[in-house]
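A.B. asks: Take this structure, written in structure tokens, and hold onto it; I'll ask about it next.
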Amino acid sequence: MPSNVGGCGKDPMPELPEVETTRRLLDPLVVARTVTGVEVPGRRVLRRHERPTDLPDRLEGRRIERTDRVGKFLLMGLEGDLTWVIHLGMSGRLTVVAHDAPETPHTTLEAAFEDGSALRFVDPRTFGWSAVWTPQEVAASPLARLGPDALEAPPDVEGFARRLEGRRAPIKSLLLDQTVIAGLGNIYADEALHRARISPRRPAGRISRRRLGLLLAAIEDVLDAALAAGGTSLDDMAYLLPDGRAGDYMTELRVYGRGGEPCLGCHQTLRSATIGGRTATWCPRCQR
Ligand SMILES: [Zn+2]
């Protein structure tokens with residue numbers, strides 16, 4: 001993944017709050033709908049299937065029973081024990097439109113419903129993907145290797161400490177590791193570390209339980225606030241809500257994308273550096 005010195009636009013953008021916001025808005029528009037047709041203008045979106053025909057074959061004629069999310073994956077439970085998985089990648093967004101609505105540029109997948117509406121997956125950079133999996137395929141997929149969901153099932157301090165025990169990698173890298181805790185990306189990891197006053201470089205296994213408790217509380221606060229704002233739409237506006245609105249959390253970011261600007265807590269200049277291949281931004285005075 002490219003680093004993004006200076007800021008915005010190159011991180012896999014939809015993180016947990018953006019995917020969850022999308023899920024909540026989509027839920028009433030797709031649950032109990034039956035897929036009547038599938039179009040795949042962007043074949044790359046099916047690259048997780050060995051046979052690209054599996055997705056349309058499995059979707060057509062099937063009813064969506066529920067929506068769900070784990071980490072950054074949006075899931076739709078289908079009748080017949082199949083799971084429709086969508087990963088928004090770096091720039092993907094989902095929208096529900098009338099099936100005969102004018103084409104949206106960069107549409108990679110569209111599923112039409114029996115009521116004349118359609119779910120459209122729009123993804124200019126094509127890092128996103130979609131699959132319809134059997135329970136066996138889910139069990140063999142990255143979904144099965146995810147750590148606890150940062151919002152729905154966050155670890156307690158003891159559980160978190162066990163996951164980090166003996167790990168010398170910087171805490172920032174492990175917050176981004178979806179097998180440790182699922183859902184955080186570069187934005188919310190930087191924001192949580194700043195609120196918890198922990199340096200992103202600190203070896204993860206050497207953080208006290210007291211400070212891990214502060215970090216878990218900071219993760220919860222950041223995710224709750226971001227959800228309340230509808231997520232973060234950065235300057236590039238790659239992420240938008242399904243109804244076209246922007247997420248408002250960008251105005252509340254304290255460190256992400258602010259390298260070289262003053263810390264809002266102590267006015268020290270915020271630092272940016274690459275940690276584990278990704279840009280971290282932090283306050284060298286507040287965060288130890
Ligand atoms: Zn500071």
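Numbering starts fresh at 1 for the residues of each chain in the structure tokens, the chains themselves are lettered A, B, ... in the order given, and ligands are numbered from 1 as they appear.
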Would you please give, as a PyMOL selection string, all residues of range 16-239 of chain A that DSSP assigns to alpha helix (DSSP H) based on the backbone?
C.D. replies: chain A and resi 16-30+54-59+135-139+157-164+171-176+186-196+209-228
A.B. asks: Restricting it to C-alpha atoms, dump the selection as a CSV table (one decimal), in the first residue's frame.
C.D. replies:
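Printed below is again-v7.csv as written:
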```
chain,number,residue,atom,x,y,z
A,16,LEU,CA,-15.5,0.6,10.1
A,17,PRO,CA,-17.6,3.8,10.6
A,18,GLU,CA,-18.0,4.3,6.9
A,19,VAL,CA,-19.0,0.7,6.2
A,20,GLU,CA,-21.4,0.6,9.2
A,21,THR,CA,-23.0,3.9,8.1
A,22,THR,CA,-23.4,2.5,4.7
A,23,ARG,CA,-24.9,-0.7,6.1
A,24,ARG,CA,-27.4,1.1,8.3
A,25,LEU,CA,-28.7,3.2,5.4
A,26,LEU,CA,-28.8,0.3,3.0
A,27,ASP,CA,-30.6,-2.1,5.4
A,28,PRO,CA,-34.2,-0.9,5.0
A,29,LEU,CA,-33.6,-0.6,1.2
A,30,VAL,CA,-32.4,-4.1,0.5
A,54,ASP,CA,-20.8,-17.9,-9.6
A,55,LEU,CA,-21.8,-14.5,-8.3
A,56,PRO,CA,-24.6,-13.8,-10.8
A,57,ASP,CA,-25.7,-17.5,-10.7
A,58,ARG,CA,-25.9,-17.5,-6.9
A,59,LEU,CA,-27.5,-14.0,-6.6
A,135,PRO,CA,-20.4,-21.3,4.5
A,136,GLN,CA,-17.4,-23.4,3.5
A,137,GLU,CA,-16.0,-20.6,1.4
A,138,VAL,CA,-16.6,-18.1,4.2
A,139,ALA,CA,-14.7,-20.4,6.5
A,157,VAL,CA,-8.2,-5.1,28.5
A,158,GLU,CA,-7.1,-8.7,29.4
A,159,GLY,CA,-8.1,-10.0,26.0
A,160,PHE,CA,-6.4,-7.1,24.3
A,161,ALA,CA,-3.2,-7.6,26.3
A,162,ARG,CA,-3.1,-11.3,25.4
A,163,ARG,CA,-3.3,-10.4,21.7
A,164,LEU,CA,-0.4,-8.0,22.0
A,171,ILE,CA,1.2,-0.5,18.3
A,172,LYS,CA,0.1,1.4,15.2
A,173,SER,CA,0.9,-1.5,13.0
A,174,LEU,CA,-1.1,-3.9,15.2
A,175,LEU,CA,-4.1,-1.7,15.3
A,176,LEU,CA,-4.2,-1.9,11.5
A,186,ASN,CA,-5.1,4.6,9.2
A,187,ILE,CA,-7.5,7.4,10.1
A,188,TYR,CA,-9.1,6.0,13.3
A,189,ALA,CA,-6.0,4.3,14.5
A,190,ASP,CA,-4.1,7.6,14.5
A,191,GLU,CA,-7.0,9.4,16.1
A,192,ALA,CA,-7.4,6.8,18.9
A,193,LEU,CA,-3.7,6.7,19.7
A,194,HIS,CA,-3.7,10.5,20.0
A,195,ARG,CA,-6.7,10.5,22.4
A,196,ALA,CA,-5.0,7.7,24.4
A,209,ARG,CA,-2.8,-2.6,31.0
A,210,ARG,CA,-3.8,0.8,32.3
A,211,ARG,CA,-2.8,2.4,29.0
A,212,LEU,CA,-4.4,-0.4,27.0
A,213,GLY,CA,-7.6,0.4,28.8
A,214,LEU,CA,-7.3,4.0,27.8
A,215,LEU,CA,-6.6,2.9,24.2
A,216,LEU,CA,-9.7,0.7,24.1
A,217,ALA,CA,-11.8,3.6,25.5
A,218,ALA,CA,-10.4,6.0,22.9
A,219,ILE,CA,-11.2,3.5,20.1
A,220,GLU,CA,-14.8,3.3,21.3
A,221,ASP,CA,-15.0,7.1,21.6
A,222,VAL,CA,-13.6,7.7,18.1
A,223,LEU,CA,-15.8,5.1,16.5
A,224,ASP,CA,-18.9,6.4,18.2
A,225,ALA,CA,-18.2,10.0,17.2
A,226,ALA,CA,-17.4,9.0,13.6
A,227,LEU,CA,-20.6,7.0,13.4
A,228,ALA,CA,-22.6,9.9,14.7
```
A.B. asks: Which parts of range 8-92 of chain A does DSSP call strand (DSSP E) when run on the backbone here, written out as a compact mmCIF listing (two decimals) with N, CA and C atoms, in the first residue's frame?
C.D. replies:
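Saved to part20.txt:
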```txt
# COMPACT_ATOMS: atom_id res chain seq x y z
N VAL A 35 -33.25 -10.43 -5.66
CA VAL A 35 -32.41 -10.03 -6.80
C VAL A 35 -32.98 -10.68 -8.06
N THR A 36 -33.28 -9.85 -9.05
CA THR A 36 -33.84 -10.39 -10.29
C THR A 36 -32.85 -10.38 -11.44
N GLY A 37 -31.78 -9.60 -11.31
CA GLY A 37 -30.79 -9.56 -12.39
C GLY A 37 -29.50 -8.96 -11.89
N VAL A 38 -28.39 -9.38 -12.49
CA VAL A 38 -27.08 -8.88 -12.07
C VAL A 38 -26.30 -8.46 -13.32
N GLU A 39 -25.75 -7.27 -13.25
CA GLU A 39 -24.84 -6.81 -14.32
C GLU A 39 -23.48 -6.55 -13.71
N ILE A 64 -32.66 -11.24 -0.04
CA ILE A 64 -31.73 -10.78 1.01
C ILE A 64 -32.47 -10.83 2.35
N GLU A 65 -31.91 -11.55 3.30
CA GLU A 65 -32.59 -11.73 4.59
C GLU A 65 -32.13 -10.75 5.64
N ARG A 66 -30.88 -10.32 5.57
CA ARG A 66 -30.39 -9.40 6.59
C ARG A 66 -29.09 -8.75 6.10
N THR A 67 -28.72 -7.65 6.74
CA THR A 67 -27.40 -7.07 6.48
C THR A 67 -26.57 -7.23 7.74
N ASP A 68 -25.28 -7.25 7.56
CA ASP A 68 -24.38 -7.41 8.70
C ASP A 68 -23.05 -6.76 8.31
N ARG A 69 -22.15 -6.69 9.28
CA ARG A 69 -20.83 -6.13 9.00
C ARG A 69 -19.85 -6.75 9.97
N VAL A 70 -18.69 -7.07 9.49
CA VAL A 70 -17.62 -7.44 10.41
C VAL A 70 -16.35 -6.76 9.90
N PHE A 73 -15.89 -5.34 6.25
CA PHE A 73 -16.66 -6.11 5.28
C PHE A 73 -18.16 -5.90 5.49
N LEU A 74 -18.85 -5.56 4.42
CA LEU A 74 -20.30 -5.50 4.45
C LEU A 74 -20.84 -6.85 4.00
N LEU A 75 -21.76 -7.39 4.78
CA LEU A 75 -22.29 -8.72 4.48
C LEU A 75 -23.79 -8.65 4.30
N MET A 76 -24.31 -9.44 3.38
CA MET A 76 -25.75 -9.60 3.26
C MET A 76 -26.05 -11.09 3.30
N GLY A 77 -26.89 -11.48 4.26
CA GLY A 77 -27.29 -12.88 4.37
C GLY A 77 -28.39 -13.16 3.36
N LEU A 78 -28.18 -14.20 2.54
CA LEU A 78 -29.15 -14.56 1.52
C LEU A 78 -29.86 -15.84 1.91
N LEU A 82 -26.32 -18.52 1.92
CA LEU A 82 -25.21 -17.89 1.20
C LEU A 82 -24.96 -16.51 1.79
N THR A 83 -23.71 -16.04 1.70
CA THR A 83 -23.35 -14.71 2.19
C THR A 83 -22.81 -13.88 1.05
N TRP A 84 -23.45 -12.74 0.84
CA TRP A 84 -22.98 -11.79 -0.18
C TRP A 84 -22.03 -10.82 0.52
N VAL A 85 -20.78 -10.85 0.13
CA VAL A 85 -19.74 -10.06 0.78
C VAL A 85 -19.36 -8.90 -0.14
N ILE A 86 -19.26 -7.70 0.41
CA ILE A 86 -18.77 -6.57 -0.36
C ILE A 86 -17.67 -5.88 0.44
N HIS A 87 -16.51 -5.72 -0.20
CA HIS A 87 -15.44 -4.94 0.41
C HIS A 87 -15.26 -3.69 -0.45
```
A.B. asks: So how many Å separate CA of Val45 in chain A and CA of Glu114 in chain A, to one decimal?
C.D. replies: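 Interatomic distance, CA of Val45 in chain A to CA of Glu114 in chain A: 23.2 Å.
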A.B. asks: Kindly provide, as a list in words, all nucleotide and amino acid residues lying within 9 Å of ligand 1, counting only C-alpha atoms and all ligand atoms.
C.D. replies: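 Going residue by residue within 9 Å of ligand 1, we get His194, Arg197, Pro262, Cys263, Leu264, Gly265, Cys266, His267, Gln268, Thr269, Leu270, Trp282, Cys283, Pro284, Arg285, Cys286 and Gln287 of chain A.
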A.B. asks: Deliver the residues from the most recent selection as a file, using C-alpha atoms, as a CSV table (one decimal), in the first residue's frame.
C.D. replies:
```csv
chain,number,residue,atom,x,y,z
A,194,HIS,CA,-3.7,10.5,20.0
A,197,ARG,CA,-1.7,9.6,24.4
A,262,PRO,CA,0.0,22.3,15.7
A,263,CYS,CA,-1.3,19.7,18.2
A,264,LEU,CA,-4.8,20.8,19.3
A,265,GLY,CA,-3.8,19.8,22.9
A,266,CYS,CA,-0.3,21.3,23.4
A,267,HIS,CA,0.5,23.2,20.1
A,268,GLN,CA,3.6,21.1,19.5
A,269,THR,CA,4.1,20.5,15.7
A,270,LEU,CA,2.5,17.1,14.8
A,282,TRP,CA,1.2,12.0,16.1
A,283,CYS,CA,2.2,14.5,18.7
A,284,PRO,CA,5.7,13.8,20.0
A,285,ARG,CA,4.9,15.7,23.2
A,286,CYS,CA,1.4,14.3,24.1
A,287,GLN,CA,2.0,10.8,22.9
```
A.B. asks: I'd like the contact shell of range 250-253 of chain A - 7 Å cut-off, only C-alpha atoms, skipping same-chain residues fewer than 4 positions apart - returned as a list in words.
C.D. replies: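 Here the answer would be Glu191, Thr232, Ser233 and Leu234 of chain A.
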A.B. asks: What does the structure give for the distance between CA of Gly244 in chain A and CA of Arg93 in chain A, in Å to one decimal?
C.D. replies: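 Between these atoms lies a distance of 9.5 Å.
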A.B. asks: Counting only C-alpha atoms, what is within 12 Å of Pro102 in chain A, bar same-chain residues fewer than 5 positions away, as a ChimeraX atom specification?
C.D. replies: /A:97,107,118,120
A.B. asks: Would you list the contacts of Pro203 in chain A as a list in words, taking every protein, DNA or RNA residue within 12 Å and counting only C-alpha atoms, but skipping same-chain residues closer than 2 positions in sequence?
C.D. replies: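 Skipping anything fewer than 2 positions along the chain leaves Leu164, Glu165, Gly166, Arg167, Arg168, Ala169, Pro170, Ile171, Lys172, Ser173, Leu174, Leu175, Ile198, Ser199, Pro200, Arg201, Gly205, Arg206, Ile207, Ser208, Ile275 and Arg288 of chain A.
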A.B. asks: Measuring atom to atom with only C-alpha atoms, identify which of A:Asp177, A:Asp81, A:Asp123, A:Asp156 is nearest to Arg62 in chain A.
C.D. replies: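 Closest to Arg62 in chain A, using only C-alpha atoms: A:Asp81.
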A.B. asks: For Gln178 in chain A, list every protein, DNA or RNA residue within 9 Å, evaluated using only C-alpha atoms, and leave out those in the same chain fewer than 2 positions away; present the list as number ranges by chain.
C.D. replies: A: 71, 145-149, 174-176, 180-185
A.B. asks: Go ahead and write the residues just picked, N, CA and C atoms, as an mmCIF file, in the first residue's frame.
C.D. replies:
```
data_model
loop_
_atom_site.group_PDB
_atom_site.id
_atom_site.type_symbol
_atom_site.label_atom_id
_atom_site.label_comp_id
_atom_site.auth_asym_id
_atom_site.auth_seq_id
_atom_site.Cartn_x
_atom_site.Cartn_y
_atom_site.Cartn_z
ATOM 1 N N GLY A 71 -15.684 -6.038 10.785
ATOM 2 C CA GLY A 71 -14.542 -5.239 10.351
ATOM 3 C C GLY A 71 -14.989 -4.295 9.247
ATOM 4 N N ARG A 145 -10.475 -15.142 9.500
ATOM 5 C CA ARG A 145 -9.243 -14.839 10.233
ATOM 6 C C ARG A 145 -9.302 -13.483 10.946
ATOM 7 N N LEU A 146 -10.446 -12.802 10.862
ATOM 8 C CA LEU A 146 -10.542 -11.482 11.479
ATOM 9 C C LEU A 146 -10.500 -11.574 12.995
ATOM 10 N N GLY A 147 -9.883 -10.583 13.604
ATOM 11 C CA GLY A 147 -9.944 -10.452 15.053
ATOM 12 C C GLY A 147 -11.309 -9.922 15.454
ATOM 13 N N PRO A 148 -11.504 -9.656 16.755
ATOM 14 C CA PRO A 148 -12.804 -9.163 17.216
ATOM 15 C C PRO A 148 -13.145 -7.811 16.589
ATOM 16 N N ASP A 149 -14.417 -7.626 16.278
ATOM 17 C CA ASP A 149 -14.856 -6.376 15.664
ATOM 18 C C ASP A 149 -14.716 -5.224 16.666
ATOM 19 N N LEU A 174 -0.154 -2.858 14.704
ATOM 20 C CA LEU A 174 -1.053 -3.920 15.161
ATOM 21 C C LEU A 174 -2.504 -3.452 15.191
ATOM 22 N N LEU A 175 -2.722 -2.148 15.372
ATOM 23 C CA LEU A 175 -4.107 -1.650 15.278
ATOM 24 C C LEU A 175 -4.641 -1.778 13.851
ATOM 25 N N LEU A 176 -3.721 -1.747 12.876
ATOM 26 C CA LEU A 176 -4.151 -1.889 11.473
ATOM 27 C C LEU A 176 -4.255 -3.350 11.051
ATOM 28 N N VAL A 180 -5.844 -8.795 14.513
ATOM 29 C CA VAL A 180 -5.720 -8.412 15.929
ATOM 30 C C VAL A 180 -7.011 -7.765 16.409
ATOM 31 N N ILE A 181 -7.480 -6.761 15.655
ATOM 32 C CA ILE A 181 -8.766 -6.109 15.926
ATOM 33 C C ILE A 181 -9.287 -5.637 14.569
ATOM 34 N N ALA A 182 -10.547 -5.881 14.310
ATOM 35 C CA ALA A 182 -11.074 -5.686 12.952
ATOM 36 C C ALA A 182 -11.848 -4.384 12.835
ATOM 37 N N GLY A 183 -11.497 -3.600 11.819
ATOM 38 C CA GLY A 183 -12.295 -2.421 11.501
ATOM 39 C C GLY A 183 -11.517 -1.130 11.425
ATOM 40 N N LEU A 184 -10.380 -1.065 12.144
ATOM 41 C CA LEU A 184 -9.623 0.187 12.153
ATOM 42 C C LEU A 184 -8.738 0.289 10.916
ATOM 43 N N GLY A 185 -8.619 1.490 10.379
ATOM 44 C CA GLY A 185 -7.661 1.807 9.340
ATOM 45 C C GLY A 185 -6.809 2.965 9.805
#
```
A.B. asks: Looking at A:Ser91, A:Ser130, A:Thr274, A:Thr281, which one is nearest to His106 in chain A, with distances taken over only C-alpha atoms?
C.D. replies: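 Using only C-alpha atoms, the shortest distance to His106 in chain A belongs to A:Ser91.
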A.B. asks: Give me, please, the distance in Å between CA of Pro142 in chain A and CA of Gly80 in chain A, quoted to one decimal.
C.D. replies: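 CA of Gly80 in chain A lies at a distance of 21.5 Å from CA of Pro142 in chain A.
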